[in-house]
Amino acid sequence: MPGQLSAPNDRELRFLQFLEAHASVINDIVRKRPELLGKRPYSLLTRFPTILDFEVKEKFFRKKIKPDRHRRVPLRIRRDYLFEDSYQRVMQLNAGELRGRLNVQFQGEEGIDAGGLLREWYYTISQSIMNPNYALFCQSTPGSETYQPNQHSSINVDHLRYFQFCGRVVAKAIFDHQLLDCHFTRAFYKQILGMHVSWRDLAAVDSSLYKNLLFILENDVTPFEGDFTFSLDVDRFGKLETIDLKPGGRDLNVTEENKKEYVRLVADMKLTEAIKDQIKAFQKGFYEVIPQTDIALFNESELELLISGLPEVDIDDLRANTDYHSGLSASTPVIQWFWRAVRSFSRDERIKLIQFVTGTGRIPVGGFSKLVGMSGPQKFNIQKDRSGPQRLPQAHTCFNQLDLPEYESYEQLREALKLAIMEASEGFGFG
């Protein structure tokens, strides 16, 4: 599983190095015969799948899950009670029925479900799940189009059963090759997969806290020792409560020596501990449809594409709504190379670039002029990275910002940009 894989032995490492050197050819072979991934030596790629293209992974995944198309499972729904009826019916399904073919019928309406009603149900139920009235999910930040589990969902006594239901719906949509109208935070996609989250995932959830932690990591905190401890103030239904990040934390000062541990614990509390029960319940429902070992083939960016689809990226619209800073302009060679590289990218690679810079593959209604950052409207923007051409491009998703070094050639820029967006899911954490 991602983040939990055993290290390859020497023989496997040599084979992986060979595969990496011939990744293009390997992907062409497996794209034509995805069943090879179930046989040695190609099966090693399923343990270390970063070499594989998304298209190749999905083909193998589709062959592996084997839906029971001959088993029809009726889903009778009242439109006025869509969420409640869907919850009751989906939670009644057993393991065999979850692998069957859902047959949707809206009560009081004529029509045979030849696929259109099923698509409509998935679309509308995904919108209902995000309805704030149910208090299950909330926007990651005000105005954001990405969602995360609501830490206050326990206001509904059955909230964990509802999260299990949500997990089943999302996994069943993937299973049925249907798309949902919902986007989650990068951290939650990782948590669905059972991956570890990084403190950098806070950027899409709490920009102020993220910037504070970044300051702590990048500066000597010795002058501030005594100003803050291993504790955190959290909101408990409108009341601030101080909790310890470790036993006796409120009496333990943060120092230069222990600051990395402090950052890890703060991020873990904000991203995981505060919603750990909701995560586990969602995972339970998800894995009842798709086992964790099967979905682990994908990274968090690819999981978003499985759930919400692969939108078209209008390069002209993106370029028209991009700002340049720190001496860059539309006529700067590195910027001209950047747009040339983006136009050369595949559809999959273009979406990965958008995910890398903005934190989500969702393109706002109205195009890139409607992009939102942590503090409101925020255009896609490119800044100069003065660290040198040996450095990969960096992204700051809370500001929709790409830091671009001054590369010496188009070829160097294109290679570095591709490497950055492909490796983004590996994380940028420390230690």
# chains A, B, ... in the order shown; residues from 1 in each chain; ligands from 1

call {"tool": "select_by_dssp", "arguments": {"residues": "region 78-124 of chain A", "states": "helix (DSSP H, G or I)", "output": "JSON list (two decimals) with C-alpha atoms, in the first residue's frame"}}
result
[["chain", "number", "residue", "atom", "x", "y", "z"],
["A", 79, "ARG", "CA", -36.77, 12.05, -5.26],
["A", 80, "ASP", "CA", -37.91, 14.13, -2.29],
["A", 81, "TYR", "CA", -36.10, 11.76, 0.07],
["A", 82, "LEU", "CA", -33.14, 10.90, -2.13],
["A", 83, "PHE", "CA", -30.49, 10.99, 0.59],
["A", 84, "GLU", "CA", -32.56, 9.11, 3.19],
["A", 85, "ASP", "CA", -33.80, 6.41, 0.79],
["A", 86, "SER", "CA", -30.36, 5.94, -0.73],
["A", 87, "TYR", "CA", -28.82, 5.57, 2.71],
["A", 88, "GLN", "CA", -31.36, 2.96, 3.81],
["A", 89, "ARG", "CA", -31.06, 0.91, 0.61],
["A", 90, "VAL", "CA", -27.29, 1.04, 0.11],
["A", 95, "ALA", "CA", -21.07, -8.05, -0.32],
["A", 96, "GLY", "CA", -22.47, -9.82, -3.38],
["A", 97, "GLU", "CA", -25.01, -7.10, -4.08],
["A", 98, "LEU", "CA", -22.33, -4.42, -3.79],
["A", 116, "GLY", "CA", -29.11, 7.29, -17.62],
["A", 117, "LEU", "CA", -30.99, 6.99, -14.32],
["A", 118, "LEU", "CA", -27.94, 5.44, -12.67],
["A", 119, "ARG", "CA", -25.74, 8.32, -13.83],
["A", 120, "GLU", "CA", -28.32, 10.81, -12.58],
["A", 121, "TRP", "CA", -28.51, 9.08, -9.19],
["A", 122, "TYR", "CA", -24.74, 9.11, -8.72],
["A", 123, "TYR", "CA", -24.58, 12.78, -9.68],
["A", 124, "THR", "CA", -27.37, 13.85, -7.34]]

call {"tool": "residues_around", "arguments": {"residues": "Leu252 (chain A)", "least_positions_apart": "5", "cutoff": "10 Å", "atoms": "only C-alpha atoms", "output": "list in words"}}
result
Gly226, Phe228, Thr229, Phe230, Ser231, Asp244, Leu245, Lys246 and Pro247 of chain A

call {"tool": "write_last_selection", "arguments": {"atoms": "N, CA and C atoms", "output": "short mmCIF file (atom, residue, chain, number, x, y, z; two decimals), in the first residue's frame"}}
result
data_model
loop_
_atom_site.label_atom_id
_atom_site.label_comp_id
_atom_site.auth_asym_id
_atom_site.auth_seq_id
_atom_site.Cartn_x
_atom_site.Cartn_y
_atom_site.Cartn_z
N GLY A 226 9.53 29.10 24.99
CA GLY A 226 8.69 29.54 26.10
C GLY A 226 7.42 30.21 25.64
N PHE A 228 5.46 29.03 23.07
CA PHE A 228 4.45 28.04 22.71
C PHE A 228 4.91 26.64 23.12
N THR A 229 3.93 25.78 23.36
CA THR A 229 4.18 24.44 23.90
C THR A 229 3.56 23.38 23.00
N PHE A 230 3.75 22.11 23.40
CA PHE A 230 3.19 20.99 22.66
C PHE A 230 1.69 20.84 22.99
N SER A 231 0.95 21.88 22.68
CA SER A 231 -0.50 21.88 22.90
C SER A 231 -1.14 22.68 21.78
N ASP A 244 -3.43 18.51 24.70
CA ASP A 244 -2.01 18.18 24.62
C ASP A 244 -1.73 17.38 23.36
N LEU A 245 -0.64 17.70 22.67
CA LEU A 245 -0.24 16.95 21.48
C LEU A 245 0.51 15.68 21.87
N LYS A 246 0.98 15.62 23.11
CA LYS A 246 1.62 14.44 23.68
C LYS A 246 1.43 14.55 25.20
N PRO A 247 1.60 13.48 25.94
CA PRO A 247 1.40 13.56 27.40
C PRO A 247 2.21 14.69 28.02
#

call {"tool": "closest_residue", "arguments": {"among": "A:Gly373, A:Gly367, A:Pro41, A:Gly388", "to": "Asp206 (chain A)", "atoms": "only C-alpha atoms"}}
result
A:Gly373

call {"tool": "closest_atom_pairs", "arguments": {"of": "region 161-239 of chain A", "to": "region 308-314 of chain A", "cutoff": "9 Å", "atoms": "only C-alpha atoms", "output": "tab-separated table"}}
result
residue	atom	partner	partner_atom	distance
A:Gln178	CA	A:Ser308	CA	8.5
A:Leu179	CA	A:Ser308	CA	5.1
A:Leu180	CA	A:Ser308	CA	5.2
A:Asp181	CA	A:Ser308	CA	6.3
A:Cys182	CA	A:Ser308	CA	6.6
A:His183	CA	A:Ser308	CA	6.9

call {"tool": "residues_around", "arguments": {"residues": "Leu102 (chain A)", "least_positions_apart": "2", "cutoff": "6 Å", "atoms": "only C-alpha atoms", "output": "VMD selection string"}}
result
chain A and resid 72 to 74

call {"tool": "write_last_selection", "arguments": {"atoms": "C-alpha atoms", "output": "short mmCIF file (atom, residue, chain, number, x, y, z; two decimals), in the first residue's frame"}}
result
data_model
loop_
_atom_site.label_atom_id
_atom_site.label_comp_id
_atom_site.auth_asym_id
_atom_site.auth_seq_id
_atom_site.Cartn_x
_atom_site.Cartn_y
_atom_site.Cartn_z
CA ARG A 72 -29.31 -6.75 -10.86
CA VAL A 73 -29.81 -4.86 -7.61
CA PRO A 74 -32.96 -2.69 -7.49
#
